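What's in coords-v9.cif: mmCIF, C-alpha atoms and all ligand atoms
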```
data_entry
loop_
_atom_site.label_atom_id
_atom_site.label_comp_id
_atom_site.auth_asym_id
_atom_site.auth_seq_id
_atom_site.Cartn_x
_atom_site.Cartn_y
_atom_site.Cartn_z
CA MET V 6 94.88 75.03 114.29
CA THR V 7 97.90 76.28 116.23
CA GLN V 8 100.57 77.72 114.00
CA LYS V 9 104.19 76.80 114.55
CA VAL V 10 106.90 79.39 115.06
CA LEU V 11 110.58 78.57 114.90
CA VAL V 12 112.58 80.72 117.31
CA VAL V 13 116.26 80.76 116.34
CA ASP V 14 118.79 82.42 118.64
CA ASP V 15 122.02 81.29 120.27
CA ALA V 16 121.09 83.19 123.45
CA ARG V 17 118.83 81.17 125.69
CA VAL V 18 117.37 84.29 127.33
CA VAL V 19 116.22 85.57 123.96
CA ARG V 20 114.63 82.23 123.04
CA ILE V 21 112.83 82.25 126.37
CA SER V 22 111.55 85.83 126.24
CA LEU V 23 110.52 85.64 122.59
CA GLY V 24 109.00 82.20 123.16
CA ARG V 25 106.98 83.51 126.07
CA ILE V 26 105.56 86.37 124.04
CA LEU V 27 104.69 84.12 121.12
CA LYS V 28 103.15 81.41 123.29
CA LYS V 29 100.90 84.03 124.84
CA LEU V 30 99.86 85.06 121.34
CA GLY V 31 98.78 81.47 120.68
CA PHE V 32 101.68 79.90 118.79
CA GLU V 33 103.43 76.59 119.22
CA ILE V 34 107.14 77.20 119.69
CA ILE V 35 110.03 75.24 118.24
CA GLU V 36 113.54 76.34 119.22
CA ALA V 37 116.88 76.22 117.48
CA GLU V 38 120.28 77.49 118.65
CA ASN V 39 121.86 78.14 115.29
CA GLY V 40 121.22 78.06 111.57
CA LYS V 41 122.08 74.42 111.17
CA GLU V 42 119.57 73.36 113.83
CA ALA V 43 117.04 75.67 112.27
CA TYR V 44 117.56 74.08 108.88
CA GLU V 45 116.97 70.64 110.37
CA ALA V 46 113.89 71.89 112.21
CA MET V 47 112.46 73.26 108.96
CA ASN V 48 112.84 69.92 107.27
CA ALA V 49 111.33 68.10 110.26
CA HIS V 50 108.39 70.57 110.44
CA PRO V 51 107.84 71.98 106.95
CA ASP V 52 104.54 73.51 108.13
CA ILE V 53 106.31 76.11 110.30
CA ALA V 54 104.55 79.38 109.50
CA LEU V 55 107.09 81.84 110.83
CA VAL V 56 110.77 82.00 111.70
CA MET V 57 112.04 84.55 114.22
CA LEU V 58 115.68 84.65 113.22
CA ASP V 59 118.78 85.93 114.99
CA TRP V 60 121.69 86.93 112.76
CA ASN V 61 124.86 86.29 114.75
CA MET V 62 125.16 82.67 115.85
CA PRO V 63 127.95 80.07 115.86
CA VAL V 64 128.05 77.09 113.44
CA MET V 65 125.71 78.68 110.86
CA ASN V 66 124.49 82.24 111.15
CA GLY V 67 120.97 83.45 110.48
CA TYR V 68 121.78 84.99 107.14
CA GLU V 69 123.38 81.78 105.82
CA PHE V 70 120.38 79.80 107.04
CA LEU V 71 117.97 82.20 105.35
CA VAL V 72 119.74 81.92 102.02
CA ALA V 73 119.94 78.11 102.25
CA MET V 74 116.29 77.75 103.25
CA ARG V 75 114.92 80.06 100.57
CA GLU V 76 116.86 78.09 97.96
CA GLN V 77 114.50 75.19 98.62
CA GLU V 78 111.54 75.61 96.31
CA ARG V 79 108.97 74.72 98.99
CA PHE V 80 110.34 77.40 101.36
CA SER V 81 110.75 80.13 98.77
CA GLU V 82 107.81 82.17 100.19
CA ASN V 83 106.73 80.46 103.37
CA PRO V 84 107.63 80.40 106.17
CA ARG V 85 107.60 84.13 106.80
CA VAL V 86 110.90 85.30 108.26
CA ILE V 87 111.35 88.10 110.77
CA MET V 88 114.97 88.89 111.58
CA VAL V 89 115.46 89.63 115.30
CA THR V 90 118.94 90.99 115.66
CA THR V 91 121.41 93.48 117.08
CA GLU V 92 122.56 94.23 113.51
CA THR V 93 121.07 97.69 113.18
CA GLY V 94 122.72 99.01 110.04
CA MET V 95 120.76 99.82 106.91
CA PRO V 96 123.10 97.61 104.79
CA SER V 97 122.23 94.58 106.94
CA MET V 98 118.54 95.26 106.48
CA LEU V 99 118.88 95.51 102.72
CA LYS V 100 120.93 92.33 102.64
CA ALA V 101 118.36 90.40 104.70
CA LEU V 102 115.47 91.68 102.58
CA ALA V 103 117.26 90.70 99.40
CA ALA V 104 117.78 87.20 100.80
CA GLY V 105 114.05 86.81 101.45
CA ALA V 106 113.42 88.15 104.95
CA ASP V 107 109.95 89.65 105.32
CA GLU V 108 110.49 91.85 108.34
CA TYR V 109 113.21 93.05 110.65
CA ILE V 110 113.30 93.66 114.38
CA MET V 111 116.23 95.51 115.92
CA LYS V 112 116.73 94.26 119.47
CA PRO V 113 115.51 94.98 122.07
CA PHE V 114 111.88 94.09 121.36
CA ASP V 115 108.69 93.95 123.37
CA GLU V 116 105.30 92.40 122.86
CA SER V 117 103.73 95.38 121.06
CA LEU V 118 106.57 95.47 118.57
CA VAL V 119 106.29 91.74 117.90
CA CYS V 120 102.53 92.18 117.33
CA ASP V 121 103.12 95.11 114.95
CA LYS V 122 105.47 93.00 112.86
CA LEU V 123 103.10 89.99 112.87
CA ASP V 124 100.39 92.32 111.55
CA ILE V 125 102.73 93.52 108.84
CA VAL V 126 103.68 90.03 107.63
CA GLY V 127 100.03 88.96 107.84
CA ILE V 128 100.29 86.26 110.49
CA ALA V 129 97.19 86.09 112.67
CA TYR V 130 97.50 85.79 116.45
CA ASN V 131 95.29 85.85 119.53
CA ARG V 132 94.48 89.42 120.50
CA GLU V 133 93.66 90.06 124.14
CA MET K 26 93.84 117.56 146.21
CA LYS K 27 91.40 120.18 147.42
CA PRO K 28 88.01 119.98 145.67
CA ALA K 29 88.33 123.65 144.68
CA ASP K 30 91.73 123.03 143.09
CA PHE K 31 90.41 120.03 141.20
CA ALA K 32 87.41 122.03 139.97
CA PHE K 33 89.69 124.84 138.85
CA LEU K 34 92.01 122.53 136.91
CA ARG K 35 89.12 120.62 135.35
CA ASP K 36 87.50 123.83 134.09
CA PHE K 37 90.80 125.36 133.06
CA LEU K 38 91.85 122.34 131.00
CA ARG K 39 88.45 121.96 129.43
CA LYS K 40 88.48 125.58 128.34
CA GLU K 41 92.09 125.66 127.14
CA SER K 42 92.44 122.31 125.37
CA GLY K 43 89.11 120.50 125.55
CA GLN K 44 90.60 117.82 127.75
CA PHE K 45 87.88 116.63 130.09
CA ILE K 46 89.15 115.20 133.36
CA GLU K 47 86.68 113.26 135.42
CA GLU K 48 87.00 112.96 139.17
CA ASN K 49 88.32 109.40 138.93
CA LYS K 50 91.29 110.73 136.95
CA ILE K 51 92.70 112.89 139.74
CA TYR K 52 95.74 110.60 139.82
CA LEU K 53 96.53 111.77 136.27
CA LEU K 54 96.62 115.39 137.39
CA LYS K 55 98.94 114.42 140.19
CA SER K 56 101.31 112.25 138.21
CA ARG K 57 101.65 114.76 135.38
CA LEU K 58 101.56 118.07 137.22
CA GLU K 59 103.56 117.35 140.35
CA PRO K 60 106.82 116.99 138.39
CA LEU K 61 106.03 120.30 136.65
CA ALA K 62 105.43 122.00 140.00
CA ARG K 63 108.75 120.65 141.26
CA ARG K 64 110.62 121.97 138.23
CA HIS K 65 109.26 125.41 139.01
CA SER K 66 110.17 125.04 142.68
CA LEU K 67 106.53 125.21 143.65
CA GLU K 68 105.38 123.28 146.67
CA GLY K 69 102.70 120.96 145.41
CA LEU K 70 99.66 121.32 143.22
CA GLU K 71 98.06 123.95 145.43
CA ALA K 72 100.87 126.39 144.70
CA LEU K 73 100.78 125.49 141.03
CA VAL K 74 97.05 126.15 140.84
CA ALA K 75 97.52 129.49 142.57
CA GLN K 76 100.10 130.54 139.98
CA VAL K 77 97.94 129.50 137.04
CA LYS K 78 94.94 131.32 138.53
CA ALA K 79 96.95 134.47 138.95
CA ARG K 80 98.50 134.34 135.46
CA PRO K 81 96.41 132.16 133.15
CA ARG K 82 98.22 133.44 130.04
CA ASP K 83 101.72 132.72 131.31
CA THR K 84 104.13 130.04 130.13
CA LEU K 85 103.41 128.00 133.22
CA ALA K 86 99.72 127.81 132.33
CA ARG K 87 100.64 126.61 128.85
CA GLN K 88 102.97 124.04 130.33
CA VAL K 89 100.11 122.74 132.47
CA VAL K 90 98.00 122.21 129.36
CA GLU K 91 100.90 120.57 127.54
CA ALA K 92 101.87 118.33 130.46
CA MET K 93 98.33 116.95 130.52
CA THR K 94 98.32 115.87 126.86
CA THR K 95 98.84 112.24 125.90
CA ASN K 96 101.25 112.07 122.98
CA GLU K 97 101.44 108.36 122.32
CA THR K 98 101.40 107.55 118.63
CA LEU K 99 102.96 105.30 116.01
CA PHE K 100 103.59 105.09 112.29
CA PHE K 101 100.68 103.72 110.22
CA ARG K 102 98.51 103.51 113.32
CA ASP K 103 95.60 101.10 112.73
CA LYS K 104 96.73 100.70 109.10
CA TYR K 105 93.26 101.01 107.55
CA PRO K 106 93.26 104.82 107.22
CA PHE K 107 96.36 104.61 105.05
CA ASP K 108 94.92 101.78 102.97
CA ALA K 109 91.79 103.91 102.52
CA LEU K 110 93.98 106.76 101.28
CA SER K 111 95.81 104.70 98.68
CA THR K 112 92.92 102.58 97.43
CA VAL K 113 89.88 104.89 97.62
CA ILE K 114 90.56 108.50 98.56
CA PHE K 115 93.62 109.42 96.50
CA PRO K 116 92.36 107.74 93.31
CA GLU K 117 89.04 109.59 93.64
CA LEU K 118 90.62 112.98 94.33
CA MET K 119 93.21 112.57 91.58
CA GLN K 120 90.53 112.07 88.95
CA GLY K 121 90.49 115.01 86.58
CA MET K 122 93.25 116.70 88.57
CA SER K 123 94.91 119.53 86.63
CA PRO K 124 98.73 119.43 86.21
CA ASN K 125 99.17 121.84 89.10
CA GLY K 126 96.19 120.69 91.11
CA LYS K 127 96.68 120.15 94.83
CA ILE K 128 95.32 117.72 97.39
CA ARG K 129 95.51 119.43 100.77
CA ILE K 130 95.71 117.22 103.82
CA TRP K 131 95.52 118.18 107.47
CA SER K 132 96.86 115.92 110.18
CA ALA K 133 95.18 117.55 113.19
CA ALA K 134 96.72 116.60 116.55
CA CYS K 135 99.74 115.04 114.87
CA SER K 136 101.78 114.55 118.05
CA ARG K 137 105.39 113.66 117.12
CA GLY K 138 104.56 113.52 113.43
CA GLN K 139 104.28 109.79 112.82
CA GLU K 140 100.78 110.20 111.40
CA THR K 141 101.86 113.09 109.19
CA TYR K 142 104.85 111.27 107.74
CA SER K 143 102.80 108.08 107.28
CA ILE K 144 100.39 110.09 105.14
CA ALA K 145 103.33 111.44 103.13
CA MET K 146 104.82 107.96 102.56
CA THR K 147 101.42 106.69 101.45
CA ALA K 148 101.06 109.64 99.07
CA ILE K 149 104.47 109.12 97.48
CA GLN K 150 103.63 105.50 96.86
CA SER K 151 100.19 106.01 95.42
CA VAL K 152 100.06 109.45 93.79
CA PRO K 153 102.14 110.10 90.66
CA SER K 154 104.28 113.25 91.11
CA ALA K 155 103.12 113.44 94.71
CA GLU K 156 105.60 116.22 95.53
CA ARG K 157 103.75 118.46 93.06
CA HIS K 158 100.20 117.54 94.09
CA ILE K 159 100.27 116.84 97.80
CA ARG K 160 100.48 119.38 100.63
CA ILE K 161 100.28 118.18 104.22
CA LEU K 162 99.85 120.26 107.33
CA GLY K 163 100.55 118.73 110.74
CA THR K 164 99.25 120.59 113.79
CA ASP K 165 99.16 120.02 117.51
CA ILE K 166 98.52 122.03 120.65
CA ALA K 167 101.85 121.03 122.23
CA ASP K 168 105.06 122.82 121.23
CA ALA K 169 107.42 120.03 122.32
CA VAL K 170 105.92 117.38 120.06
CA LEU K 171 105.78 119.82 117.14
CA ALA K 172 109.49 120.56 117.50
CA TYR K 173 110.13 116.82 117.51
CA ALA K 174 107.98 116.28 114.42
CA GLU K 175 109.66 119.15 112.62
CA GLU K 176 113.08 117.68 113.30
CA GLY K 177 111.96 114.26 112.03
CA ILE K 178 114.43 112.23 114.06
CA TYR K 179 113.04 109.09 115.64
CA THR K 180 114.36 106.46 118.04
CA GLN K 181 115.00 102.86 117.05
CA MET K 182 111.81 101.79 118.83
CA GLU K 183 109.70 104.53 117.22
CA VAL K 184 110.76 103.68 113.66
CA GLN K 185 109.85 100.05 114.20
CA ARG K 186 106.42 100.47 115.80
CA GLY K 187 103.83 100.00 113.07
CA MET K 188 106.27 100.59 110.23
CA PRO K 189 107.30 97.97 107.66
CA VAL K 190 111.08 97.71 107.34
CA LYS K 191 110.69 98.36 103.61
CA GLN K 192 109.40 101.84 104.41
CA LEU K 193 112.20 102.38 106.90
CA VAL K 194 114.98 101.65 104.41
CA ARG K 195 113.24 103.68 101.74
CA TYR K 196 112.22 106.84 103.60
CA PHE K 197 114.71 107.15 106.46
CA GLU K 198 118.44 107.45 106.86
CA GLN K 199 120.51 106.50 109.86
CA HIS K 200 121.26 109.37 112.17
CA GLU K 201 123.48 109.68 115.23
CA GLY K 202 123.56 106.71 117.58
CA THR K 203 120.60 104.43 117.01
CA ASN K 204 118.33 107.20 115.71
CA TRP K 205 116.81 107.51 112.26
CA ARG K 206 115.99 110.64 110.30
CA ILE K 207 113.19 111.09 107.79
CA ARG K 208 114.40 111.86 104.25
CA GLU K 209 114.16 115.28 102.71
CA GLU K 210 111.82 114.17 99.89
CA LEU K 211 109.09 113.63 102.49
CA ARG K 212 109.68 116.82 104.39
CA THR K 213 109.21 119.07 101.39
CA MET K 214 105.47 118.39 101.18
CA ILE K 215 104.87 118.87 104.89
CA SER K 216 104.69 121.81 107.25
CA PHE K 217 104.01 121.84 110.96
CA ARG K 218 102.42 124.52 113.12
CA MET K 219 100.54 125.02 116.36
CA ALA K 220 96.74 124.84 116.27
CA ASN K 221 94.28 124.34 119.10
CA LEU K 222 91.21 122.37 118.03
CA ILE K 223 89.19 123.99 120.79
CA ALA K 224 89.94 127.56 119.69
CA ALA K 225 86.86 129.35 118.38
CA ASP K 226 88.87 130.81 115.47
CA LEU K 227 90.45 127.50 114.45
CA ALA K 228 89.20 127.71 110.87
CA VAL K 229 90.45 131.29 110.45
CA GLY K 230 93.93 130.38 111.62
CA LEU K 231 94.22 127.58 109.07
CA ARG K 232 92.77 129.41 106.08
CA MET K 233 96.10 129.89 104.31
CA HIS K 234 96.76 126.11 104.44
CA GLY K 235 93.33 125.00 103.23
CA PRO K 236 90.68 124.29 102.23
CA PHE K 237 91.44 120.67 102.99
CA ASP K 238 90.42 117.63 100.98
CA ILE K 239 91.41 115.16 103.67
CA VAL K 240 91.52 115.59 107.44
CA PHE K 241 92.93 113.11 109.92
CA CYS K 242 91.71 113.88 113.42
CA ARG K 243 92.46 110.78 115.38
CA ASN K 244 92.86 109.78 118.99
CA VAL K 245 92.44 113.28 120.33
CA MET K 246 88.66 113.74 120.62
CA ILE K 247 88.54 110.78 122.99
CA TYR K 248 89.76 113.27 125.59
CA PHE K 249 86.91 115.71 124.85
CA ASP K 250 83.31 115.49 126.03
CA VAL K 251 80.55 114.95 123.48
CA GLU K 252 79.62 118.64 123.23
CA ASP K 253 83.18 119.65 122.43
CA ARG K 254 83.55 116.81 119.94
CA LYS K 255 80.55 118.07 118.03
CA LYS K 256 81.94 121.60 117.98
CA VAL K 257 85.32 120.41 116.76
CA ILE K 258 83.75 118.33 113.99
CA ASP K 259 81.71 121.34 112.87
CA LYS K 260 84.82 123.54 112.84
CA ILE K 261 86.72 120.95 110.84
CA ALA K 262 83.88 120.96 108.30
CA GLN K 263 84.42 124.71 107.86
CA THR K 264 88.04 124.10 106.86
CA MET K 265 87.19 121.48 104.21
CA ASN K 266 86.08 121.21 100.62
CA VAL K 267 82.72 119.59 99.95
CA GLY K 268 83.42 115.97 98.97
CA GLY K 269 86.44 115.87 101.28
CA TYR K 270 87.12 113.04 103.70
CA LEU K 271 87.48 113.04 107.48
CA ILE K 272 89.05 110.13 109.31
CA THR K 273 88.63 109.96 113.07
CA GLY K 274 89.72 107.35 115.58
CA THR K 275 87.40 104.38 115.82
CA GLY K 276 86.16 105.16 119.32
CA GLU K 277 85.42 108.84 118.82
CA LEU K 278 82.59 109.00 116.34
CA VAL K 279 80.24 111.95 116.36
CA LYS K 280 78.59 113.55 113.41
CA GLY K 281 78.61 117.13 114.64
CA GLU K 282 75.58 119.32 115.27
CA HIS K 283 74.82 119.63 111.59
CA SER K 284 74.34 116.46 109.61
CA GLN K 285 76.80 117.49 106.94
CA TRP K 286 78.39 114.09 106.68
CA ASP K 287 77.88 110.88 104.77
CA THR K 288 79.29 107.75 106.32
CA GLN K 289 81.23 105.38 104.12
CA ARG K 290 82.65 102.11 105.28
CA PHE K 291 86.17 101.03 104.60
CA GLU K 292 87.06 97.53 105.80
CA GLY K 293 84.17 97.83 108.23
CA ARG K 294 85.43 101.11 109.68
CA PRO K 295 83.55 104.38 109.11
CA ILE K 296 85.11 107.29 107.28
CA TRP K 297 83.26 110.58 106.77
CA LYS K 298 82.61 112.47 103.57
CA LEU K 299 81.52 116.09 103.71
CA LYS K 300 78.36 116.50 101.64
CA SER K 301 77.58 120.18 102.21
CA LYS K 302 78.80 123.21 104.11
C1 LIG V 401 97.34 110.45 121.37
S1 LIG V 401 97.98 111.74 120.34
C2 LIG V 401 97.33 111.27 118.76
C3 LIG V 401 98.35 111.38 117.67
C4 LIG V 401 97.90 110.86 116.32
N1 LIG V 401 96.80 111.63 115.78
C5 LIG V 401 97.50 109.40 116.41
O1 LIG V 401 96.35 109.05 116.17
O2 LIG V 401 98.36 108.57 116.72
C6 LIG V 401 96.96 113.13 120.84
C7 LIG V 401 97.55 114.50 120.50
O3 LIG V 401 96.53 115.48 120.58
C8 LIG V 401 97.09 116.69 121.02
N2 LIG V 401 96.01 117.56 121.51
C9 LIG V 401 95.34 117.47 122.68
N3 LIG V 401 94.43 118.44 122.78
C10 LIG V 401 94.51 119.17 121.65
C11 LIG V 401 93.82 120.33 121.14
N4 LIG V 401 92.86 120.92 121.86
N5 LIG V 401 94.18 120.81 119.95
C12 LIG V 401 95.15 120.21 119.21
N6 LIG V 401 95.82 119.14 119.62
C13 LIG V 401 95.52 118.62 120.83
C14 LIG V 401 98.10 116.24 122.05
O4 LIG V 401 99.10 117.22 122.27
C15 LIG V 401 98.64 114.94 121.45
O5 LIG V 401 99.84 115.18 120.74
MG MG V 402 123.15 85.97 118.60
#
```

What do you get writing this file as structure tokens?
Ligand SMILES: C[S@@+](CC[C@H](N)C(=O)[O-])C[C@H]1O[C@@H](n2cnc3c(N)ncnc32)[C@H](O)[C@@H]1O
Ligand SMILES: [Mg+2]
Amino acid sequence: MTQKVLVVDDARVVRISLGRILKKLGFEIIEAENGKEAYEAMNAHPDIALVMLDWNMPVMNGYEFLVAMREQERFSENPRVIMVTTETGMPSMLKALAAGADEYIMKPFDESLVCDKLDIVGIAYNRE
Amino acid sequence: MKPADFAFLRDFLRKESGQFIEENKIYLLKSRLEPLARRHSLEGLEALVAQVKARPRDTLARQVVEAMTTNETLFFRDKYPFDALSTVIFPELMQGMSPNGKIRIWSAACSRGQETYSIAMTAIQSVPSAERHIRILGTDIADAVLAYAEEGIYTQMEVQRGMPVKQLVRYFEQHEGTNWRIREELRTMISFRMANLIAADLAVGLRMHGPFDIVFCRNVMIYFDVEDRKKVIDKIAQTMNVGGYLITGTGELVKGEHSQWDTQRFEGRPIWKLKSK
């Protein structure tokens, strides 16, 4: 069964490059441009296994989305959440972890880094 | 490249570092040594070879060896060795440990130190009073990577490869720019020094740091031929306590000339236990 990944970023180029990597690794991609869209996507597809989540976005940012999603009982542990952000300060990391993020990628990323983090959060993918 | 120059470099490297270059890897010699030749204002590999021949003990000769090493590494590489440490090896070695007892660990061919620090993080998390019981030695043949390891400052990409963010926030602090620096509590149980696995007197040179209970020798013997691998494994055995563990890379298994080793499996991967000396 193909697992669904929600890619949330206001930058189209990031959604495309991350989507391309994840598609190659065997995932089905759902996109959202901000936290509000992501929230709606989660409720439309509650079986999403993983969220790749930008922090800074208009309308609703990634952190606000994370807090709101984890408040829902059924999303309190799954999906797994990997922040993918230009916020590179230790305080941001601690804040995201406390809100229920599982991993953290400081942009820029590449395929090996994405794979490393998938391994760490325990999400299986197609290895070459 | 002239066949004689290739033959010289192949033999020189094999003798100095164990690195075995086959003929189909001539491009590697070119891509790694031509920049070195240029930096020394030498015209091409021929001139470089002539210099090394004339002065095989000079800095340039050492730089040739160093330029040919592959230093790629990452934190918690392959994961299972560190899980083996925390779930099997440390608990076993800690049994009956006296209050000042030590577990001595050698990270042979440590490159920029990621392996060494990953061992230290694992120790802190799974051994009570680790700073009292754990001593870790990181060695490599290449000076540049040792200096890097010693400094313990890593780039943003390096601290993310293989490493959970929880370890990053716990064991590192932000340094200048986008760099991260390993915390002091980890450094105190570690020392770094030069050691050449191919050297005949390897065991003698390490005596003051051993005998070791655990040796990591990973992703370096792949560059050696089978004969040299066996010799290295036998020399490592000389530096270890009976009952100690050796973890190699998955593709570089050899038991050594003497069958001193028991194989154990951890998550399907072999780890070695020294049964006699
Ligand atoms: C690919 S790195 C492996 C680092 C780490 N052990 C790991 O598994 O990620 C190989 C290292 O072996 C070192 N090396 C090569 N020949 C060596 C020798 N004869 N003695 C000691 N170190 C050597 C290189 O300088 C390089 O840093
Ligand atoms: Mg953004």

Within 9 Å of ligand MG 402 (chain V), which residues show up when you count all atoms listed in the file? List them as a CSV table (one decimal) with C-alpha atoms, in the frame of the given file, please.
```csv
chain,number,residue,atom,x,y,z
V,13,VAL,CA,116.3,80.8,116.3
V,14,ASP,CA,118.8,82.4,118.6
V,15,ASP,CA,122.0,81.3,120.3
V,16,ALA,CA,121.1,83.2,123.4
V,19,VAL,CA,116.2,85.6,124.0
V,38,GLU,CA,120.3,77.5,118.6
V,39,ASN,CA,121.9,78.1,115.3
V,59,ASP,CA,118.8,85.9,115.0
V,60,TRP,CA,121.7,86.9,112.8
V,61,ASN,CA,124.9,86.3,114.8
V,62,MET,CA,125.2,82.7,115.8
V,63,PRO,CA,128.0,80.1,115.9
V,66,ASN,CA,124.5,82.2,111.2
V,67,GLY,CA,121.0,83.4,110.5
V,90,THR,CA,118.9,91.0,115.7
V,91,THR,CA,121.4,93.5,117.1
```

- [ ] Give me, as a list of chain:residue names, the contact residues of chain V against chain K at a cut-off of 6 Å, counting only C-alpha atoms.
- [x] V:Glu108, V:Leu118, V:Asp121

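With all atoms listed in the file as the atoms that count, the minimum distance from ligand LIG 401 (chain V) to the choices K:Leu61, K:Ala224, K:Ile178, K:Ala109 is reached by K:Ala224.
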
TODO: In Å, rounded to a single decimal, give me how far atom CA of His50 of chain V is from atom CA of Met6 of chain V.
DONE: 14.7 Å

TODO: May I have the residues within 9 Å of segment 290-301 of chain K as a VMD selection string, using all atoms listed in the file and disregarding those fewer than 4 positions away in the same chain?
DONE: chain K and resid 105 to 106 108 to 109 113 262 265 to 273 275 278 280 284 to 286

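Compared by their closest atoms to ligand LIG 401 (chain V), and using all atoms listed in the file, the residues K:Met246, K:Leu227, K:Leu222, K:Ala86 rank with K:Leu222 nearest.
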
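Taking all atoms listed in the file into account, Gly127 of chain V lies nearest to V:Asp107 out of the set V:Glu92, V:Asp115, V:Glu36, V:Asp107.
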
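Residue nearest ligand LIG 401 (chain V) within the list K:Ala174, K:Ile130, K:Leu118, K:Ala167: K:Ala167 [criterion: smallest interatomic distance, only C-alpha atoms and all ligand atoms].
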
Task: For segment 30-33 of chain K: contacts at 8 Å, all atoms listed in the file, fewer than 2 positions along chain excluded, given as a VMD selection string - done: chain K and resid 26 to 28 35 to 37 51 71 74

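Distance-wise, atom CA of Thr288 of chain K and atom CA of Gly163 of chain K end up 24.3 Å apart.
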
Take segment 213-218 of chain K, model all heavy atoms, and hand the result over as a short mmCIF file (atom, residue, chain, number, x, y, z; two decimals), keeping the file's coordinate frame.
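As a result, selection26.cif now contains:
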```cif
data_model
loop_
_atom_site.label_atom_id
_atom_site.label_comp_id
_atom_site.auth_asym_id
_atom_site.auth_seq_id
_atom_site.Cartn_x
_atom_site.Cartn_y
_atom_site.Cartn_z
N THR K 213 109.54 117.92 102.23
CA THR K 213 109.21 119.07 101.39
C THR K 213 107.71 119.24 101.20
O THR K 213 107.26 120.34 100.92
CB THR K 213 109.88 118.95 100.00
OG1 THR K 213 109.57 117.67 99.49
CG2 THR K 213 111.38 119.11 100.10
N MET K 214 106.91 118.18 101.36
CA MET K 214 105.47 118.39 101.18
C MET K 214 104.74 118.66 102.49
O MET K 214 103.54 118.82 102.51
CB MET K 214 104.84 117.21 100.43
CG MET K 214 105.19 115.85 100.87
SD MET K 214 104.24 114.64 99.90
CE MET K 214 105.55 113.72 99.20
N ILE K 215 105.50 118.76 103.59
CA ILE K 215 104.87 118.87 104.89
C ILE K 215 105.25 120.17 105.60
O ILE K 215 106.38 120.62 105.50
CB ILE K 215 105.34 117.71 105.80
CG1 ILE K 215 104.96 116.37 105.19
CG2 ILE K 215 104.75 117.84 107.21
CD1 ILE K 215 105.39 115.17 106.01
N SER K 216 104.30 120.78 106.29
CA SER K 216 104.69 121.81 107.25
C SER K 216 103.97 121.56 108.57
O SER K 216 102.92 120.93 108.61
CB SER K 216 104.40 123.22 106.72
OG SER K 216 103.10 123.28 106.21
N PHE K 217 104.58 122.03 109.62
CA PHE K 217 104.01 121.84 110.96
C PHE K 217 103.73 123.20 111.59
O PHE K 217 104.50 124.15 111.39
CB PHE K 217 104.99 121.07 111.86
CG PHE K 217 105.16 119.63 111.47
CD1 PHE K 217 106.27 119.21 110.75
CD2 PHE K 217 104.21 118.68 111.83
CE1 PHE K 217 106.44 117.87 110.39
CE2 PHE K 217 104.37 117.33 111.48
CZ PHE K 217 105.48 116.93 110.76
N ARG K 218 102.67 123.31 112.34
CA ARG K 218 102.42 124.52 113.12
C ARG K 218 101.47 124.22 114.28
O ARG K 218 100.82 123.18 114.31
CB ARG K 218 101.87 125.66 112.27
CG ARG K 218 100.61 125.30 111.47
CD ARG K 218 99.90 126.55 111.04
NE ARG K 218 99.33 127.23 112.20
CZ ARG K 218 98.60 128.31 112.12
NH1 ARG K 218 98.38 128.89 110.96
NH2 ARG K 218 98.07 128.85 113.21
#
```
